[in-house]
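A.B. asks: File model-v3.cif follows (mmCIF, C-alpha atoms and all ligand atoms):
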data_protein
#
loop_
_atom_site.label_atom_id
_atom_site.label_comp_id
_atom_site.auth_asym_id
_atom_site.auth_seq_id
_atom_site.Cartn_x
_atom_site.Cartn_y
_atom_site.Cartn_z
CA MET U 57 12.36 26.59 48.41
CA THR U 58 14.19 23.56 47.03
CA ASP U 59 15.80 23.62 43.56
CA THR U 60 13.10 21.28 42.39
CA ALA U 61 10.34 23.52 43.64
CA MET U 62 12.07 26.49 42.04
CA ALA U 63 12.27 24.66 38.72
CA MET U 64 8.56 23.88 38.90
CA GLY U 65 7.67 27.51 39.36
CA SER U 66 6.41 29.33 42.42
CA ALA U 67 2.81 29.51 41.16
CA LEU U 68 2.60 25.74 40.92
CA VAL U 69 4.25 25.26 44.30
CA ALA U 70 1.83 27.74 45.86
CA GLU U 71 -1.14 25.85 44.44
CA CYS U 72 0.25 22.50 45.62
CA THR U 73 0.77 23.95 49.09
CA GLU U 74 -2.79 25.24 49.11
CA SER U 75 -4.14 21.80 48.16
CA LEU U 76 -2.11 20.26 50.97
CA ASP U 77 -3.37 22.85 53.45
CA THR U 78 -6.93 22.10 52.41
CA MET U 79 -6.38 18.36 52.79
CA LEU U 80 -4.98 18.79 56.29
CA ALA U 81 -7.82 21.10 57.26
CA GLU U 82 -10.49 18.77 55.90
CA THR U 83 -9.07 15.49 57.20
CA ASN U 84 -9.13 14.92 60.93
CA GLY U 85 -5.92 13.57 62.39
CA MET U 86 -3.79 14.27 59.36
CA ILE U 87 -0.41 15.55 60.49
CA MET U 88 1.60 15.81 57.29
CA GLY U 89 1.14 16.18 53.57
CA MET U 90 3.87 16.38 50.98
CA ILE U 91 4.29 16.46 47.23
CA ALA U 92 7.59 15.04 45.99
CA THR U 93 9.05 14.04 42.65
CA SER U 94 9.26 10.29 42.16
CA ASP U 95 13.01 10.56 42.65
CA GLY U 96 12.55 12.09 46.06
CA PHE U 97 12.75 15.87 45.86
CA VAL U 98 10.27 18.01 47.80
CA VAL U 99 7.92 20.14 45.74
CA ALA U 100 5.69 21.29 48.61
CA SER U 101 5.07 20.15 52.15
CA VAL U 102 2.78 21.00 55.02
CA THR U 103 2.99 19.82 58.62
CA ALA U 104 0.44 20.16 61.43
CA PRO U 105 1.54 22.48 64.26
CA GLY U 106 3.70 20.80 66.88
CA ARG U 107 4.85 17.99 64.58
CA ASN U 108 8.49 17.81 63.70
CA VAL U 109 9.13 16.40 60.24
CA ASP U 110 12.17 16.78 57.99
CA PRO U 111 10.52 17.01 54.56
CA ASN U 112 13.72 16.23 52.64
CA ARG U 113 14.24 12.94 54.45
CA ILE U 114 10.61 11.94 54.14
CA ALA U 115 10.60 12.79 50.43
CA ALA U 116 13.57 10.48 49.83
CA MET U 117 11.93 7.69 51.83
CA ALA U 118 8.62 8.22 50.02
CA SER U 119 10.49 7.86 46.76
CA SER U 120 12.12 4.57 47.82
CA GLY U 121 8.90 3.20 49.33
CA HIS U 122 6.81 4.12 46.34
CA ALA U 123 9.41 2.81 43.87
CA LEU U 124 9.41 -0.49 45.72
CA GLY U 125 5.60 -0.59 45.57
CA GLU U 126 5.81 0.03 41.85
CA THR U 127 8.32 -2.80 41.47
CA VAL U 128 6.15 -5.27 43.40
CA ALA U 129 3.05 -4.17 41.47
CA ASN U 130 4.92 -4.81 38.23
CA GLU U 131 6.17 -8.19 39.33
CA LEU U 132 2.88 -9.58 40.62
CA ALA U 133 0.19 -7.66 38.83
CA HIS U 134 1.85 -6.23 35.74
CA GLY U 135 0.24 -2.97 36.69
CA LYS U 136 0.88 0.41 38.19
CA CYS U 137 1.04 1.06 41.90
CA ASN U 138 -1.70 3.36 43.16
CA ASN U 139 -0.45 3.68 46.69
CA VAL U 140 1.77 2.20 49.37
CA ILE U 141 0.42 2.01 52.90
CA ILE U 142 2.53 1.83 56.05
CA ASP U 143 0.60 0.99 59.18
CA THR U 144 2.14 1.62 62.60
CA ASP U 145 0.70 1.67 66.12
CA GLN U 146 0.60 5.45 66.04
CA LEU U 147 0.23 6.43 62.41
CA SER U 148 -1.13 5.57 59.02
CA ILE U 149 1.31 6.66 56.34
CA VAL U 150 0.44 6.53 52.66
CA PHE U 151 2.45 7.28 49.53
CA LEU U 152 0.14 7.85 46.56
CA SER U 153 0.78 8.27 42.85
CA VAL U 154 -0.48 11.58 41.52
CA PRO U 155 -2.45 10.56 38.40
CA ASP U 156 -1.50 11.78 34.92
CA THR U 157 2.00 12.94 35.80
CA ASP U 158 3.74 10.26 33.73
CA ASP U 159 6.29 12.59 32.14
CA SER U 160 7.59 13.70 35.50
CA PRO U 161 5.79 11.62 38.12
CA LEU U 162 4.77 13.09 41.46
CA ILE U 163 4.01 11.38 44.75
CA LEU U 164 1.73 12.54 47.54
CA GLY U 165 2.89 11.47 50.98
CA VAL U 166 0.52 11.74 53.95
CA ALA U 167 0.63 10.74 57.60
CA ALA U 168 -2.34 10.65 59.97
CA THR U 169 -2.91 9.57 63.54
CA LYS U 170 -4.93 6.45 64.33
CA SER U 171 -7.77 8.64 65.60
CA VAL U 172 -9.03 8.58 62.04
CA SER U 173 -9.80 5.54 59.87
CA LEU U 174 -7.57 4.53 57.00
CA GLY U 175 -10.54 4.94 54.69
CA THR U 176 -10.90 8.57 55.67
CA VAL U 177 -7.18 9.18 55.18
CA LEU U 178 -7.26 7.56 51.75
CA TYR U 179 -10.35 9.50 50.77
CA GLY U 180 -8.78 12.83 51.72
CA ALA U 181 -5.47 11.96 50.10
CA LYS U 182 -6.98 10.69 46.83
CA HIS U 183 -9.03 13.84 46.56
CA CYS U 184 -5.84 15.84 47.01
CA THR U 185 -3.98 13.88 44.29
CA LYS U 186 -6.78 14.76 41.85
CA ARG U 187 -6.47 18.44 42.68
CA ILE U 188 -2.70 18.31 42.30
CA SER U 189 -3.05 16.49 39.01
CA GLU U 190 -5.41 19.17 37.71
CA THR U 191 -3.08 21.91 38.91
CA VAL U 192 -0.02 20.38 37.28
CA ASN U 193 -1.80 19.66 34.02
CA THR U 194 -3.29 23.13 33.68
CA THR U 195 -0.26 25.13 34.81
CA VAL U 196 2.17 23.59 32.33
CA MET Q 38 26.71 -21.43 49.43
CA GLU Q 39 24.84 -18.20 48.90
CA TYR Q 40 26.91 -15.07 48.75
CA LYS Q 41 25.46 -11.61 49.10
CA ILE Q 42 27.41 -8.96 47.25
CA LEU Q 43 26.81 -5.23 47.33
CA ILE Q 44 27.56 -2.75 44.57
CA THR Q 45 27.76 0.91 45.50
CA GLY Q 46 29.10 4.21 44.19
CA THR Q 47 27.91 7.60 42.94
CA MET Q 48 24.91 8.36 40.79
CA GLY Q 49 25.60 7.11 37.27
CA ALA Q 50 28.64 5.03 38.27
CA GLY Q 51 26.99 2.02 36.63
CA LYS Q 52 25.58 -0.07 39.51
CA THR Q 53 22.26 -0.83 37.84
CA THR Q 54 23.97 -1.45 34.49
CA ALA Q 55 26.37 -3.94 36.12
CA ILE Q 56 23.58 -5.95 37.74
CA GLN Q 57 21.55 -6.04 34.55
CA GLN Q 58 24.49 -7.55 32.70
CA VAL Q 59 24.94 -10.49 35.04
CA SER Q 60 21.58 -11.45 36.52
CA ASP Q 61 20.21 -14.84 35.38
CA SER Q 62 16.63 -13.63 35.61
CA PRO Q 63 15.64 -10.06 34.74
CA ALA Q 64 17.08 -7.87 37.49
CA VAL Q 65 14.68 -6.37 40.01
CA LEU Q 66 14.95 -2.63 39.50
CA THR Q 67 13.45 0.32 41.35
CA ASP Q 68 14.47 2.99 38.87
CA VAL Q 69 12.37 6.14 38.72
CA HIS Q 70 12.29 9.20 36.47
CA ASN Q 71 15.48 11.19 37.05
CA THR Q 72 14.88 14.91 37.55
CA ARG Q 73 18.60 15.65 38.09
CA GLN Q 74 19.96 15.66 34.57
CA ASP Q 75 22.62 18.15 35.69
CA GLU Q 76 24.02 15.58 38.12
CA SER Q 77 23.85 12.61 35.74
CA ALA Q 78 22.29 12.84 32.29
CA LYS Q 79 20.26 9.64 32.14
CA PRO Q 80 16.53 8.92 32.08
CA THR Q 81 16.22 7.03 35.37
CA THR Q 82 17.85 6.61 38.76
CA THR Q 83 17.62 3.95 41.47
CA ALA Q 84 15.35 4.91 44.38
CA ALA Q 85 15.45 1.79 46.57
CA PHE Q 86 17.79 -0.95 45.29
CA ASP Q 87 18.67 -3.26 42.42
CA PHE Q 88 18.69 -7.01 42.82
CA GLY Q 89 19.99 -9.80 40.66
CA GLU Q 90 20.87 -13.47 41.04
CA LEU Q 91 23.66 -15.43 39.47
CA ASP Q 92 24.01 -19.20 39.61
CA LEU Q 93 27.67 -20.14 39.92
CA GLY Q 94 27.07 -23.89 39.64
CA GLU Q 95 27.92 -26.58 42.23
CA GLY Q 96 25.24 -25.18 44.52
CA ASP Q 97 26.82 -21.75 44.74
CA CYS Q 98 24.80 -18.65 44.02
CA LEU Q 99 25.34 -14.90 44.14
CA ARG Q 100 22.70 -12.51 45.35
CA ILE Q 101 23.71 -9.10 44.09
CA TYR Q 102 22.32 -5.87 45.49
CA GLY Q 103 22.91 -2.42 44.07
CA THR Q 104 22.43 0.68 46.20
CA PRO Q 105 20.95 3.99 45.15
CA GLY Q 106 23.84 6.35 44.45
CA GLN Q 107 22.29 9.62 45.54
CA GLU Q 108 23.21 10.63 49.05
CA ARG Q 109 19.66 11.41 50.11
CA PHE Q 110 18.86 7.71 49.75
CA SER Q 111 21.68 6.84 52.15
CA PHE Q 112 19.18 5.48 54.70
CA MET Q 113 18.99 2.47 52.35
CA TRP Q 114 22.72 1.80 52.49
CA PRO Q 115 23.06 0.07 55.88
CA ILE Q 116 19.90 -1.94 55.19
CA LEU Q 117 21.40 -3.21 51.96
CA ALA Q 118 24.88 -3.78 53.40
CA ARG Q 119 23.60 -6.16 56.07
CA GLY Q 120 25.00 -9.64 55.52
CA ALA Q 121 27.09 -8.75 52.49
CA ILE Q 122 30.32 -10.76 52.16
CA GLY Q 123 31.81 -8.29 49.72
CA ILE Q 124 31.43 -4.75 48.45
CA ILE Q 125 32.20 -3.43 44.98
CA TYR Q 126 32.87 0.31 44.99
CA LEU Q 127 32.26 1.62 41.50
CA VAL Q 128 34.10 4.84 40.75
CA ASP Q 129 32.98 7.00 37.83
CA ALA Q 130 36.21 8.22 36.21
CA THR Q 131 34.40 11.06 34.43
CA ARG Q 132 33.33 12.84 37.59
CA GLU Q 133 35.08 15.87 38.99
CA SER Q 134 36.77 14.26 42.00
CA PRO Q 135 36.54 10.48 41.80
CA ILE Q 136 38.77 9.97 44.83
CA ASP Q 137 36.61 12.21 47.01
CA ASP Q 138 33.61 10.22 45.77
CA LEU Q 139 35.24 6.96 46.79
CA ASP Q 140 36.29 8.44 50.11
CA SER Q 141 32.75 9.44 50.97
CA PHE Q 142 31.36 6.00 50.13
CA ILE Q 143 34.06 4.23 52.11
CA LYS Q 144 33.22 6.49 55.06
CA ALA Q 145 29.51 5.84 54.62
CA PHE Q 146 30.04 2.08 54.73
CA GLY Q 147 32.46 2.80 57.58
CA GLU Q 148 32.26 -0.09 59.99
CA SER Q 149 31.95 -2.68 57.28
CA SER Q 150 34.59 -1.22 55.00
CA GLY Q 151 37.55 -2.27 57.14
CA THR Q 152 36.55 -5.90 57.49
CA ILE Q 153 34.52 -6.86 54.43
CA PRO Q 154 36.48 -7.89 51.33
CA SER Q 155 36.16 -5.07 48.85
CA VAL Q 156 37.24 -4.17 45.37
CA VAL Q 157 37.27 -0.86 43.53
CA GLY Q 158 36.04 -0.83 39.93
CA LEU Q 159 37.11 2.21 37.98
CA ASN Q 160 34.38 2.64 35.39
CA LYS Q 161 33.91 4.97 32.42
CA CYS Q 162 37.65 5.30 31.83
CA ASN Q 163 39.08 7.30 28.96
CA ASP Q 164 42.55 8.46 27.94
CA GLU Q 165 42.56 11.19 30.55
CA SER Q 166 41.74 8.88 33.42
CA SER Q 167 44.84 6.67 33.24
CA TYR Q 168 46.34 8.52 36.21
CA LEU Q 169 43.36 7.54 38.36
CA ALA Q 170 44.05 3.87 39.05
CA PRO Q 171 47.43 4.50 40.71
CA ALA Q 172 46.01 7.55 42.48
CA ILE Q 173 43.21 5.41 43.92
CA GLN Q 174 45.74 2.79 44.95
CA ASP Q 175 47.74 5.48 46.77
CA TYR Q 176 44.60 6.70 48.47
CA LEU Q 177 43.71 3.17 49.63
CA ASP Q 178 47.27 2.64 50.86
CA SER Q 179 47.02 5.82 52.90
CA LYS Q 180 43.90 4.35 54.52
CA GLY Q 181 45.60 1.02 55.11
CA LEU Q 182 43.16 -0.73 52.79
CA GLN Q 183 44.64 -3.44 50.60
CA TRP Q 184 41.93 -3.63 48.00
CA PRO Q 185 42.38 -4.45 44.34
CA VAL Q 186 41.65 -1.63 41.88
CA LEU Q 187 40.42 -2.69 38.45
CA LEU Q 188 39.71 -0.75 35.31
CA THR Q 189 36.32 -1.97 34.19
CA ASP Q 190 33.48 -1.41 31.80
CA VAL Q 191 30.36 -2.63 33.52
CA ARG Q 192 28.46 -2.74 30.23
CA GLU Q 193 30.50 -5.89 29.57
CA ARG Q 194 29.22 -8.93 31.40
CA SER Q 195 32.67 -10.55 31.56
CA GLU Q 196 34.14 -7.51 33.29
CA VAL Q 197 31.46 -7.52 35.98
CA LEU Q 198 32.01 -11.24 36.49
CA GLU Q 199 35.71 -10.54 37.00
CA LEU Q 200 34.89 -8.17 39.87
CA PHE Q 201 32.77 -10.91 41.46
CA GLU Q 202 35.50 -13.52 41.08
CA ILE Q 203 37.95 -11.30 42.90
CA LEU Q 204 35.51 -10.71 45.74
CA ILE Q 205 34.82 -14.41 46.10
CA SER Q 206 38.49 -15.31 46.24
CA LEU Q 207 39.13 -12.51 48.75
CA ASN Q 208 36.29 -13.94 50.81
CA GLU Q 209 37.70 -17.47 50.61
CA ALA Q 210 41.09 -16.18 51.71
CA LEU Q 211 39.46 -14.46 54.66
CA VAL Q 212 37.55 -17.60 55.66
CA MET Q 213 40.77 -19.65 55.52
CA GLU Q 214 42.55 -17.04 57.62
CA GLN Q 215 39.83 -17.16 60.25
CA ALA Q 216 39.74 -20.96 60.33
N1 LIG N 1 30.81 5.86 28.35
C1 LIG N 1 30.60 4.90 29.25
N2 LIG N 1 29.37 4.77 29.74
C2 LIG N 1 29.14 3.83 30.66
C3 LIG N 1 30.16 2.96 31.10
N3 LIG N 1 29.63 2.14 32.04
C4 LIG N 1 28.34 2.48 32.14
N4 LIG N 1 28.02 3.49 31.31
C5 LIG N 1 26.72 4.16 31.15
O1 LIG N 1 26.52 4.95 32.31
C6 LIG N 1 25.19 4.88 32.76
C7 LIG N 1 25.15 4.30 34.16
O2 LIG N 1 23.85 4.35 34.63
P1 LIG N 1 23.28 3.43 35.80
O3 LIG N 1 23.71 2.02 35.63
O4 LIG N 1 21.85 3.74 35.88
O5 LIG N 1 24.04 4.05 37.04
P2 LIG N 1 23.77 3.78 38.58
O6 LIG N 1 25.11 3.65 39.21
O7 LIG N 1 22.82 2.67 38.76
O8 LIG N 1 23.14 5.20 39.04
P3 LIG N 1 22.04 5.56 40.17
O9 LIG N 1 21.08 4.45 40.29
O10 LIG N 1 21.39 6.80 39.61
O11 LIG N 1 22.81 5.85 41.42
C8 LIG N 1 24.47 4.00 31.76
O12 LIG N 1 23.83 4.82 30.82
C9 LIG N 1 25.58 3.18 31.13
O13 LIG N 1 25.29 2.78 29.82
C10 LIG N 1 31.49 3.11 30.55
O14 LIG N 1 32.45 2.43 30.88
N5 LIG N 1 31.64 4.11 29.63
MG MG N 2 21.01 2.57 39.66
#
Can the structure in the file be given as structure tokens, please?
C.D. replies:
Amino acid sequence: MTDTAMAMGSALVAECTESLDTMLAETNGMIMGMIATSDGFVVASVTAPGRNVDPNRIAAMASSGHALGETVANELAHGKCNNVIIDTDQLSIVFLSVPDTDDSPLILGVAATKSVSLGTVLYGAKHCTKRISETVNTTV
Amino acid sequence: MEYKILITGTMGAGKTTAIQQVSDSPAVLTDVHNTRQDESAKPTTTAAFDFGELDLGEGDCLRIYGTPGQERFSFMWPILARGAIGIIYLVDATRESPIDDLDSFIKAFGESSGTIPSVVGLNKCNDESSYLAPAIQDYLDSKGLQWPVLLTDVRERSEVLELFEILISLNEALVMEQA
């Protein structure tokens, strides 16, 4: 467990991990789900079997990518960034804001193969952010 | 001419502060909530980069990029260093081993650090840190790096501008040498 996860408490981390497991199970093609702090520390992460992902590196990149999305959203739309989408030939990767975590913001990072539509990925991921948000806001 | 300048150094060294002092338009920041108060007690930390612009007049302009300081964002460093004509290494004099800090950043910018004009800004100085400037100079000498070391306070616009001026003149000297 990372220091950050430890600080958040094992009950919370367990619930986050469970939500990620559920998301992966319910969303075809999803190969990774991760909750990270907005400054890039892993809280919980789940990877599909056979996929090799270094959660610490991805968490840092999710933080940078999401922060950049937030900066662009501010500049052009004077608003908050809901998610950042990275589209590659093989994967759809999305970094989403977990709602109502303003005091200590969390990000959900997901990656899915192109066998599944972006809409499906977003649907599964958004549902997961709501669950995480509820978990965080009831546990603390 | 457009000059790209990079500012780097540890978390809390003052990179974002420096760029905010000098940018003509509000600096582009990517600061996020900082969960590592133990490492640096401040509300936010840079996750991607800082960016500012400074018009020098006569068609010259500085584009200033600040790196994230935390090592786990180091994948951003080479991206940001690309095309820079100068690097400012900010050293936080209040940290435990400022010279080790500097050493690790110089190593991280490796390739570029030998050839790109660079300057070391010793920030957050107090009475106890007076030994540091000569110690840093000794360290640089031992590496064969002839870089200026300046005591600075990056909360002061004029002091940040001084670091830029040095970089630009080092760059001009290099261009003349190569010509
Ligand atoms: N006491 C003191 N404080 C300073 C000095 N220079 C900067 N600071 C403060 O130190 C802090 C520096 O924070 P940042 O500018 O965010 O540091 P940074 O290098 O961008 O850090 P990261 O983005 O987290 O890597 C600010 O709160 C400044 O006000 C100085 O000379 N003395
Ligand atoms: Mg910064």
A.B. asks: Please identify all residues of chain U having at least one atom at most 12 Å from any atom of chain Q, considering all atoms listed in the file, and return them as a ChimeraX atom specification.
C.D. replies: /U:59-61,63-64,92-99,111-131,157-163
A.B. asks: Interatomic distance between atom CA of Arg119 of chain Q and atom CA of Ile42 of chain Q?
C.D. replies: 10.0 Å
A.B. asks: What does the distance from atom N1 of ligand LIG 1 (chain N) to atom CA of Ser167 of chain Q come to in Å, to one decimal?
C.D. replies: 14.9 Å
A.B. asks: Around ligand LIG 1 (chain N), at most 8 Å away and counting all atoms listed in the file, which residues are there? Put them as a compact mmCIF listing (two decimals) with C-alpha atoms, in the frame of the given file, please.
C.D. replies:
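Saved result, pocket.txt, follows:
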# COMPACT_ATOMS: atom_id res chain seq x y z
CA THR Q 45 27.76 0.91 45.50
CA GLY Q 46 29.10 4.21 44.19
CA THR Q 47 27.91 7.60 42.94
CA MET Q 48 24.91 8.36 40.79
CA GLY Q 49 25.60 7.11 37.27
CA ALA Q 50 28.64 5.03 38.27
CA GLY Q 51 26.99 2.02 36.63
CA LYS Q 52 25.58 -0.07 39.51
CA THR Q 53 22.26 -0.83 37.84
CA THR Q 54 23.97 -1.45 34.49
CA ALA Q 55 26.37 -3.94 36.12
CA ASP Q 68 14.47 2.99 38.87
CA ASN Q 71 15.48 11.19 37.05
CA SER Q 77 23.85 12.61 35.74
CA LYS Q 79 20.26 9.64 32.14
CA THR Q 81 16.22 7.03 35.37
CA THR Q 82 17.85 6.61 38.76
CA THR Q 83 17.62 3.95 41.47
CA ALA Q 84 15.35 4.91 44.38
CA GLY Q 103 22.91 -2.42 44.07
CA THR Q 104 22.43 0.68 46.20
CA PRO Q 105 20.95 3.99 45.15
CA GLY Q 106 23.84 6.35 44.45
CA GLN Q 107 22.29 9.62 45.54
CA LEU Q 127 32.26 1.62 41.50
CA ASN Q 160 34.38 2.64 35.39
CA LYS Q 161 33.91 4.97 32.42
CA CYS Q 162 37.65 5.30 31.83
CA THR Q 189 36.32 -1.97 34.19
CA ASP Q 190 33.48 -1.41 31.80
CA VAL Q 191 30.36 -2.63 33.52
CA ARG Q 192 28.46 -2.74 30.23
A.B. asks: If we count all atoms listed in the file and set the cut-off at 12 Å, which residues sit around Arg100 of chain Q, ignoring sequence neighbours fewer than 6 positions away in its own chain? Please answer as a list in words.
C.D. replies: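 Near Arg100 of chain Q, the qualifying residues are Met38, Glu39, Tyr40, Lys41, Ile42, Leu43, Ile44, Ile56, Val59, Ser60, Asp61, Ser62, Ala64, Val65, Asp87, Phe88, Gly89, Glu90, Leu91, Asp92, Leu93, Leu117, Gly120, Ala121, Ile122, Gly123 and Phe201 of chain Q.
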A.B. asks: So how far away is atom CA of Asn84 of chain U from atom CA of Glu71 of chain U, in Å?
C.D. replies: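 Those two atoms sit 21.3 Å apart.
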A.B. asks: Pull the neighbourhood of (-2.0, 9.7, 69.9) for me: all residues within 9 Å in file coordinates, counting only C-alpha atoms, as a list in words.
C.D. replies: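 Protein and nucleic acid residues near the point are Gln146, Leu147, Thr169, Lys170 and Ser171 of chain U.
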A.B. asks: With only C-alpha atoms and all ligand atoms as the atoms that count, which of Q:Phe146, Q:Trp184, Q:Tyr168, Q:Tyr102 lies nearest to ligand MG 2 (chain N)?
C.D. replies: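 The answer is Q:Tyr102, which sits nearest to ligand MG 2 (chain N).
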A.B. asks: Write out as a ChimeraX atom specification each polymer residue whose atoms come within 12 Å of Tyr179 of chain U, counting only C-alpha atoms; drop sequence neighbours fewer than 2 positions from it.
C.D. replies: /U:79,82-84,86,150,152,166,172-177,181-186
A.B. asks: Let me make sure I understand: among Q:Ser166, Q:Ser155, Q:Gln74, Q:Gln183, which one has the smallest atom-to-atom distance to Ser134 of chain Q if we use only C-alpha atoms?
C.D. replies: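 Of Q:Ser166, Q:Ser155, Q:Gln74, Q:Gln183, the one nearest Ser134 of chain Q is Q:Ser166, counting only C-alpha atoms.
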A.B. asks: List as a list in words: which residues have an atom within 9 Å of (-4.8, 20.8, 50.6), counting only C-alpha atoms?
C.D. replies: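 Returned residue set, sorted by chain then number, is Glu71, Cys72, Thr73, Glu74, Ser75, Leu76, Asp77, Thr78, Met79, Leu80, Ala81, Glu82, Gly89, Val102, Gly180, Ala181, Cys184, Arg187 and Ile188 of chain U.
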A.B. asks: For a quick check of understanding, using all atoms listed in the file, which of Q:Ser141, Q:Asp164, Q:Arg132, Q:Gln57 has the smallest distance to ligand MG 2 (chain N)?
C.D. replies: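 Counting all atoms listed in the file, the residue closest to ligand MG 2 (chain N) is Q:Gln57.
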